[in-house]
Amino acid sequence: MTFTDLCNPIFVKSIDDYHKTDNVDTPINNPYELKTIEYYLYLKNWIDTVQWHFEDIIRDPNIDPAEALVLKRRIDKSNQDRTDLVELIDSYFLDKYKDVQVNADATINTESPAWAIDRLSILALKIYHMRQEVERTDTTPEHHAQCEAKLNVLLEQQKDLSSAIDQLIEDIENGRKYMKVYKQMKMYNDPNLNPVLYGKK
């Protein structure tokens, strides 16, 4: 089994579990053992799924401004949680392959495995929601055809991205690529780095 063979069904399960209630306040019920990679993959996608719906809600043109501000704060926290979790998943790979003998001609990749997996998680959400559009019965034939074409592209993209991730992990495992992880160092949440925040001290 490749790593994305593990990821993709977990992402689907998380998305399906969320949509049993389709409510951003639904508590997570992670079915996987605490601190396993499966647990973190499920949590990662759950965060993405909730944030997807945060982003839908905040675009309501009739949203109350006070509610929008509260929601913006929740989106900021969700973004930070997402980043922290991606870095944690990269730590899993760093630890797993720490003893690999790196080839003298090994190269670095444009992104780490976990940031590629982040894109795979978001892609699973795009596929789910585009499939919903394809299955709607209250739309025009043109809308249906456009969404079906987009869904086919997303499915192809999922296949290609999965293959690329598995190739990257195989290359790391065999010393052809090496990992070098840079922390995101987000500044807007840091009271020591955001001038709006430290200016109020």
# chains A, B, ... in the order shown; residues from 1 in each chain; ligands from 1
$ residues_around --residues "region 99-114 of chain A" --least-positions-apart "6" --cutoff "6 Å" --atoms "only C-alpha atoms" --output "ChimeraX atom specification"
/A:86,89-90,175-178
$ residues_around --residues "Asn23 (chain A)" --least-positions-apart "4" --cutoff "9 Å" --atoms "only C-alpha atoms" --output "PDB file with C-alpha atoms, in the first residue's frame"
ATOM      1  CA  TYR A  18     -18.739  15.749   8.631  1.00  0.00           C
ATOM      2  CA  HIS A  19     -21.638  15.804   6.180  1.00  0.00           C
ATOM      3  CA  VAL A  50     -14.848  22.692   8.628  1.00  0.00           C
ATOM      4  CA  HIS A  53     -17.727  25.591   5.236  1.00  0.00           C
TER       5      HIS A  53
END
$ closest_residue --among "A:Ser91, A:Thr137, A:Asn29, A:Asn152" --to "Tyr182 (chain A)" --atoms "only C-alpha atoms"
A:Ser91
$ residues_around --residues "Asn8 (chain A)" --least-positions-apart "6" --cutoff "12 Å" --atoms "only C-alpha atoms" --output "list of chain:residue names"
A:Met1, A:Thr2, A:Ser14, A:Ile15, A:Glu38, A:Leu41, A:Tyr42, A:Asn45, A:Ile117, A:Asp118, A:Arg119, A:Leu120, A:Ser121, A:Ile122, A:Leu123, A:Ala124, A:Leu125, A:Ile127, A:Leu155, A:Gln158, A:Lys159, A:Leu161, A:Ser162, A:Ser163, A:Ile165
$ write_last_selection --atoms "C-alpha atoms" --output "mmCIF file, in the first residue's frame"
data_model
loop_
_atom_site.group_PDB
_atom_site.id
_atom_site.type_symbol
_atom_site.label_atom_id
_atom_site.label_comp_id
_atom_site.auth_asym_id
_atom_site.auth_seq_id
_atom_site.Cartn_x
_atom_site.Cartn_y
_atom_site.Cartn_z
ATOM 1 C CA MET A 1 0.000 0.000 0.000
ATOM 2 C CA THR A 2 1.317 3.436 -0.912
ATOM 3 C CA SER A 14 -13.686 12.472 7.316
ATOM 4 C CA ILE A 15 -15.688 14.362 4.676
ATOM 5 C CA GLU A 38 -4.152 7.861 10.561
ATOM 6 C CA LEU A 41 -4.650 12.546 8.597
ATOM 7 C CA TYR A 42 -8.291 12.374 9.706
ATOM 8 C CA ASN A 45 -9.003 16.744 6.699
ATOM 9 C CA ILE A 117 -0.681 15.931 1.338
ATOM 10 C CA ASP A 118 -2.358 19.194 2.416
ATOM 11 C CA ARG A 119 -3.204 19.818 -1.253
ATOM 12 C CA LEU A 120 -4.478 16.241 -1.579
ATOM 13 C CA SER A 121 -6.823 16.795 1.369
ATOM 14 C CA ILE A 122 -8.226 19.985 -0.183
ATOM 15 C CA LEU A 123 -8.596 18.177 -3.497
ATOM 16 C CA ALA A 124 -10.748 15.516 -1.824
ATOM 17 C CA LEU A 125 -13.061 18.315 -0.691
ATOM 18 C CA ILE A 127 -14.136 16.422 -5.587
ATOM 19 C CA LEU A 155 -10.275 13.232 -10.469
ATOM 20 C CA GLN A 158 -6.107 13.549 -7.689
ATOM 21 C CA LYS A 159 -4.596 10.600 -9.518
ATOM 22 C CA LEU A 161 -0.994 14.278 -7.289
ATOM 23 C CA SER A 162 -1.256 10.933 -5.495
ATOM 24 C CA SER A 163 1.309 9.458 -7.875
ATOM 25 C CA ILE A 165 3.417 12.222 -3.588
#
$ closest_residue --among "A:Asp76, A:Met130, A:Val70, A:Gln157" --to "His144 (chain A)" --atoms "only C-alpha atoms"
A:Met130
$ residues_around --residues "Leu43 (chain A)" --least-positions-apart "4" --cutoff "9 Å" --atoms "only C-alpha atoms" --output "NGL selection string"
:A and (14 or 28 or 30 or 38-39 or 47-48 or 85)
$ closest_residue --among "A:Val24, A:Pro195, A:Leu168, A:Thr36" --to "Tyr92 (chain A)" --atoms "only C-alpha atoms"
A:Thr36
$ closest_residue --among "A:Arg59, A:Lys150, A:Arg131, A:Lys13" --to "Tyr32 (chain A)" --atoms "only C-alpha atoms"
A:Lys13
$ select_by_dssp --residues "region 96-192 of chain A" --states "strand (DSSP E or B)" --output "list in words"
Thr107, Ile108, Lys177 and Tyr178 of chain A
$ write_last_selection --atoms "C-alpha atoms" --output "compact mmCIF listing (two decimals), in the first residue's frame"
# COMPACT_ATOMS: atom_id res chain seq x y z
CA THR A 107 18.05 16.86 -4.57
CA ILE A 108 15.50 18.76 -2.54
CA LYS A 177 15.56 13.22 -2.40
CA TYR A 178 16.07 14.74 1.01
$ atom_distance --atom1 "CA of Cys7 (chain A)" --atom2 "CA of Pro27 (chain A)"
21.5 Å
$ select_by_dssp --residues "region 55-179 of chain A" --states "alpha helix (DSSP H)" --output "PyMOL selection string"
chain A and resi 55-58+65-96+113-135+141-173
$ decode --residues "region 118-155 of chain A" --atoms "N, CA and C atoms" --output "JSON list (two decimals), in the first residue's frame"
[["chain", "number", "residue", "atom", "x", "y", "z"],
["A", 118, "ASP", "N", -1.40, 18.11, 2.16],
["A", 118, "ASP", "CA", -2.36, 19.19, 2.42],
["A", 118, "ASP", "C", -3.17, 19.48, 1.15],
["A", 119, "ARG", "N", -2.50, 19.56, 0.02],
["A", 119, "ARG", "CA", -3.20, 19.82, -1.25],
["A", 119, "ARG", "C", -4.11, 18.64, -1.62],
["A", 120, "LEU", "N", -3.66, 17.43, -1.29],
["A", 120, "LEU", "CA", -4.48, 16.24, -1.58],
["A", 120, "LEU", "C", -5.76, 16.25, -0.75],
["A", 121, "SER", "N", -5.66, 16.70, 0.50],
["A", 121, "SER", "CA", -6.82, 16.79, 1.37],
["A", 121, "SER", "C", -7.84, 17.80, 0.82],
["A", 122, "ILE", "N", -7.35, 18.97, 0.40],
["A", 122, "ILE", "CA", -8.23, 19.99, -0.18],
["A", 122, "ILE", "C", -8.85, 19.47, -1.48],
["A", 123, "LEU", "N", -8.09, 18.73, -2.24],
["A", 123, "LEU", "CA", -8.60, 18.18, -3.50],
["A", 123, "LEU", "C", -9.74, 17.21, -3.25],
["A", 124, "ALA", "N", -9.65, 16.43, -2.18],
["A", 124, "ALA", "CA", -10.75, 15.52, -1.82],
["A", 124, "ALA", "C", -12.03, 16.30, -1.56],
["A", 125, "LEU", "N", -11.89, 17.46, -0.94],
["A", 125, "LEU", "CA", -13.06, 18.31, -0.69],
["A", 125, "LEU", "C", -13.62, 18.88, -1.99],
["A", 126, "LYS", "N", -12.75, 19.31, -2.88],
["A", 126, "LYS", "CA", -13.22, 19.83, -4.17],
["A", 126, "LYS", "C", -13.99, 18.75, -4.93],
["A", 127, "ILE", "N", -13.47, 17.53, -4.90],
["A", 127, "ILE", "CA", -14.14, 16.42, -5.59],
["A", 127, "ILE", "C", -15.50, 16.15, -4.99],
["A", 128, "TYR", "N", -15.58, 16.13, -3.65],
["A", 128, "TYR", "CA", -16.86, 15.87, -2.99],
["A", 128, "TYR", "C", -17.90, 16.92, -3.40],
["A", 129, "HIS", "N", -17.51, 18.18, -3.34],
["A", 129, "HIS", "CA", -18.48, 19.24, -3.59],
["A", 129, "HIS", "C", -18.79, 19.40, -5.08],
["A", 130, "MET", "N", -17.83, 19.12, -5.93],
["A", 130, "MET", "CA", -18.13, 19.17, -7.36],
["A", 130, "MET", "C", -19.05, 18.01, -7.74],
["A", 131, "ARG", "N", -18.86, 16.87, -7.10],
["A", 131, "ARG", "CA", -19.76, 15.73, -7.36],
["A", 131, "ARG", "C", -21.19, 16.07, -6.92],
["A", 132, "GLN", "N", -21.31, 16.80, -5.82],
["A", 132, "GLN", "CA", -22.64, 17.26, -5.39],
["A", 132, "GLN", "C", -23.31, 18.11, -6.47],
["A", 133, "GLU", "N", -22.52, 18.96, -7.11],
["A", 133, "GLU", "CA", -23.06, 19.82, -8.17],
["A", 133, "GLU", "C", -23.50, 18.98, -9.37],
["A", 134, "VAL", "N", -22.70, 17.97, -9.69],
["A", 134, "VAL", "CA", -23.05, 17.09, -10.82],
["A", 134, "VAL", "C", -24.36, 16.36, -10.54],
["A", 135, "GLU", "N", -24.59, 16.02, -9.27],
["A", 135, "GLU", "CA", -25.76, 15.22, -8.91],
["A", 135, "GLU", "C", -27.02, 16.06, -8.66],
["A", 136, "ARG", "N", -26.88, 17.38, -8.73],
["A", 136, "ARG", "CA", -28.06, 18.23, -8.54],
["A", 136, "ARG", "C", -29.06, 18.01, -9.68],
["A", 137, "THR", "N", -30.33, 18.09, -9.33],
["A", 137, "THR", "CA", -31.39, 17.90, -10.35],
["A", 137, "THR", "C", -32.11, 19.21, -10.66],
["A", 138, "ASP", "N", -31.69, 20.30, -10.02],
["A", 138, "ASP", "CA", -32.39, 21.58, -10.20],
["A", 138, "ASP", "C", -31.56, 22.56, -11.03],
["A", 139, "THR", "N", -30.68, 22.02, -11.89],
["A", 139, "THR", "CA", -29.81, 22.90, -12.67],
["A", 139, "THR", "C", -30.05, 22.68, -14.17],
["A", 140, "THR", "N", -29.42, 23.53, -14.96],
["A", 140, "THR", "CA", -29.55, 23.42, -16.40],
["A", 140, "THR", "C", -28.62, 22.33, -16.93],
["A", 141, "PRO", "N", -28.88, 21.80, -18.11],
["A", 141, "PRO", "CA", -27.96, 20.83, -18.72],
["A", 141, "PRO", "C", -26.55, 21.41, -18.88],
["A", 142, "GLU", "N", -26.47, 22.71, -19.14],
["A", 142, "GLU", "CA", -25.16, 23.36, -19.31],
["A", 142, "GLU", "C", -24.37, 23.33, -18.00],
["A", 143, "HIS", "N", -25.06, 23.63, -16.90],
["A", 143, "HIS", "CA", -24.41, 23.60, -15.58],
["A", 143, "HIS", "C", -23.92, 22.18, -15.28],
["A", 144, "HIS", "N", -24.78, 21.21, -15.55],
["A", 144, "HIS", "CA", -24.41, 19.82, -15.30],
["A", 144, "HIS", "C", -23.17, 19.43, -16.11],
["A", 145, "ALA", "N", -23.16, 19.78, -17.39],
["A", 145, "ALA", "CA", -22.04, 19.41, -18.26],
["A", 145, "ALA", "C", -20.75, 20.10, -17.81],
["A", 146, "GLN", "N", -20.83, 21.36, -17.43],
["A", 146, "GLN", "CA", -19.65, 22.09, -16.96],
["A", 146, "GLN", "C", -19.08, 21.46, -15.69],
["A", 147, "CYS", "N", -19.96, 21.13, -14.77],
["A", 147, "CYS", "CA", -19.51, 20.54, -13.50],
["A", 147, "CYS", "C", -18.97, 19.14, -13.70],
["A", 148, "GLU", "N", -19.57, 18.39, -14.60],
["A", 148, "GLU", "CA", -19.06, 17.04, -14.89],
["A", 148, "GLU", "C", -17.66, 17.11, -15.48],
["A", 149, "ALA", "N", -17.43, 18.07, -16.37],
["A", 149, "ALA", "CA", -16.10, 18.24, -16.97],
["A", 149, "ALA", "C", -15.09, 18.63, -15.90],
["A", 150, "LYS", "N", -15.49, 19.51, -14.99],
["A", 150, "LYS", "CA", -14.60, 19.93, -13.90],
["A", 150, "LYS", "C", -14.30, 18.77, -12.96],
["A", 151, "LEU", "N", -15.31, 17.96, -12.68],
["A", 151, "LEU", "CA", -15.12, 16.80, -11.81],
["A", 151, "LEU", "C", -14.11, 15.84, -12.41],
["A", 152, "ASN", "N", -14.20, 15.60, -13.72],
["A", 152, "ASN", "CA", -13.25, 14.70, -14.39],
["A", 152, "ASN", "C", -11.82, 15.22, -14.29],
["A", 153, "VAL", "N", -11.66, 16.55, -14.40],
["A", 153, "VAL", "CA", -10.32, 17.14, -14.26],
["A", 153, "VAL", "C", -9.82, 16.96, -12.83],
["A", 154, "LEU", "N", -10.68, 17.19, -11.84],
["A", 154, "LEU", "CA", -10.29, 17.03, -10.44],
["A", 154, "LEU", "C", -9.88, 15.59, -10.14],
["A", 155, "LEU", "N", -10.61, 14.65, -10.69],
["A", 155, "LEU", "CA", -10.28, 13.23, -10.47],
["A", 155, "LEU", "C", -8.93, 12.89, -11.10]]
